[in-house]
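The structure appears below as structure tokens.
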Amino acid sequence: MAFQSTFTPIELGDLLNLTRAKHDAGYRFAQMLCAMADEGIDLVYSFIKQDDEGTWQLENYVIGGYDPATQTVPSVTGYFLSAFPFENEAHDLFGVKVEGNKIDFAGRFYQVAMDAPMAVISPEQKAAREKAARIAAAKAAKEAKAKAAAAGEAGADAPAQAAAEPKPAAQPAAAPIDPEAERAAFEAKIAGVDPEKADRMRAAFEVKLKKRIEAQKGGE
């Protein structure tokens, strides 16, 4: 019996469309696996089918770097009910947030001594991730600073340009607040701060940012 397997990276947003296509093409659901990676959790979905020549084709699709703190995963049990134990296992052992599992054990598929035991990382891995996060935050802050400087230069040039116009021009409006750039700059400032303290600082920052955005909209 001949056997072939492939591995293809996909985006999380493509999962349901892919699953529907495999279901409609007559594939069987083989498994869903989780594996810890440097950038989060890798999710592997496997589908199998025997082609016209008798060769079994095992197709594996990998969603890399899933972050359970910020992302949810749509259940594929609407197309393959046999996926329900794999999705429950992913939730209980790795902390994967699955939405819409047709047979959801609500965290009681396994009796574990701690949440997401398979997602525990070593101190070295944690340090590496925190370092990568700080580098990314610093880069984003630098880009935000450059963007703000460019916006300031554009605002400074506006009066001269207005003077050159045959008709009087209105005073230039303040540059609109860029929430994502503001958040990136803030994250760079609190990199390395105690997580609990950082959460409190982040909450206060979000309140102030919301007020500034509302104030700017009210002044338009």
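By convention here, the chains of the structure tokens are called A, B, ... in the order presented, each chain's residues are numbered starting at 1, and ligands are numbered starting at 1 in the order presented.
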Skip Asp24 (chain A) itself and residues of its chain fewer than 5 positions away, then list as a PyMOL selection string all residues within 12 Å of it, counting only C-alpha atoms.
-> chain A and resi 17-19+29+49+79-80
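For region 9-12 of chain A, the list of residues within 12 Å, based on only C-alpha atoms and with local chain neighbours fewer than 5 positions off taken out, reads Asn17, Leu18, Thr19, Asp42, Leu43, Val44, Tyr45, Ser46, Glu59, Asn60, Tyr61, Val62, Ile63, Gly64, Gly65, Tyr66, Asp67, Gln71, Thr72, Val73, Pro74, Ser75 and Val98 of chain A.
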Write a file of the just-selected residues containing C-alpha atoms, as a PDB file, in the first residue's frame.
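Writing the result to part-v1.pdb gives the following:
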ATOM      1  CA  ASN A  17     -12.747  27.117   4.358  1.00  0.00           C
ATOM      2  CA  LEU A  18     -10.044  24.445   4.110  1.00  0.00           C
ATOM      3  CA  THR A  19     -12.020  22.019   6.288  1.00  0.00           C
ATOM      4  CA  ASP A  42       1.571  25.101  16.397  1.00  0.00           C
ATOM      5  CA  LEU A  43      -1.769  23.504  15.457  1.00  0.00           C
ATOM      6  CA  VAL A  44      -1.641  20.649  12.946  1.00  0.00           C
ATOM      7  CA  TYR A  45      -4.818  19.455  11.175  1.00  0.00           C
ATOM      8  CA  SER A  46      -4.575  16.205   9.196  1.00  0.00           C
ATOM      9  CA  GLU A  59      -2.400  16.102   4.060  1.00  0.00           C
ATOM     10  CA  ASN A  60      -1.247  18.050   7.125  1.00  0.00           C
ATOM     11  CA  TYR A  61      -1.972  21.763   7.507  1.00  0.00           C
ATOM     12  CA  VAL A  62      -0.062  23.787  10.091  1.00  0.00           C
ATOM     13  CA  ILE A  63      -1.224  26.952  11.829  1.00  0.00           C
ATOM     14  CA  GLY A  64       1.950  28.320  13.363  1.00  0.00           C
ATOM     15  CA  GLY A  65       2.344  30.521  16.422  1.00  0.00           C
ATOM     16  CA  TYR A  66      -1.183  30.345  17.833  1.00  0.00           C
ATOM     17  CA  ASP A  67      -1.514  32.569  20.923  1.00  0.00           C
ATOM     18  CA  GLN A  71      -6.781  34.151  19.642  1.00  0.00           C
ATOM     19  CA  THR A  72      -9.633  31.664  19.415  1.00  0.00           C
ATOM     20  CA  VAL A  73      -9.899  28.690  17.072  1.00  0.00           C
ATOM     21  CA  PRO A  74     -13.143  27.807  15.269  1.00  0.00           C
ATOM     22  CA  SER A  75     -14.247  24.210  15.767  1.00  0.00           C
ATOM     23  CA  VAL A  98     -11.917  26.378  20.650  1.00  0.00           C
TER      24      VAL A  98
END
Provide the CA of Ala215 (chain A) to CA of Ala141 (chain A) distance in Å, to one decimal place.
-> 23.5 Å
Distance in Å - CA of Tyr110 (chain A) versus CA of Ile48 (chain A) = 26.9 Å
Work out how far apart CA of Ile213 (chain A) and CA of Glu153 (chain A) are and give it in Å to one decimal.
->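 Between these atoms lies a distance of 21.8 Å.
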Pick from A:Gly40, A:Pro68, A:Pro176, A:Gly78: nearest to Arg20 (chain A), with only C-alpha atoms counted?
->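 That would be A:Gly78, the residue with the smallest distance to Arg20 (chain A).
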Contacts of Glu187 (chain A) within 9 Å, only C-alpha atoms, excl. fewer than 5 positions in-chain, as a PyMOL selection string | chain A and resi 134+137-138+141+182+198+202
Looking only at helix (DSSP H, G or I) from DSSP on the backbone, list the matching residues of chain A as a ChimeraX atom specification.
-> /A:12-24,81-94,117-119,123-164,179-189,195-218
Quick one: everything within 9 Å of Gln4 (chain A), counting only C-alpha atoms, minus sequence neighbours fewer than 4 positions away in the same chain. Send it as a short mmCIF file (atom, residue, chain, number, x, y, z; two decimals) with C-alpha atoms, in the first residue's frame.
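As written to disk, result_0.cif reads:
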data_model
loop_
_atom_site.label_atom_id
_atom_site.label_comp_id
_atom_site.auth_asym_id
_atom_site.auth_seq_id
_atom_site.Cartn_x
_atom_site.Cartn_y
_atom_site.Cartn_z
CA THR A 55 -2.29 5.70 -2.72
CA TRP A 56 -3.23 7.11 0.66
CA GLN A 57 -2.74 10.87 0.74
CA LEU A 58 -2.25 12.31 4.24
CA GLU A 59 -2.40 16.10 4.06
#
Tell me which protein, DNA and RNA residues are within 9 Å of Phe84 (chain A), counting only C-alpha atoms, leaving out same-chain ones fewer than 6 positions away, and put them as a list of chain:residue names.
-> A:Ser75, A:Val76, A:Thr77, A:Asn101, A:Lys102, A:Ile103, A:Asp104
Using backbone DSSP assignments, extract all strand (DSSP E or B) residues from region 4-197 of chain A; output them as a ChimeraX atom specification.
-> /A:4-9,28-37,40-50,56-66,73-74,98-99
Proximity to Ala119 (chain A) - best of A:Glu99, A:Glu39, A:Phe94, A:Asp199, only C-alpha atoms =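 Counting only C-alpha atoms, the residue closest to Ala119 (chain A) is A:Phe94.
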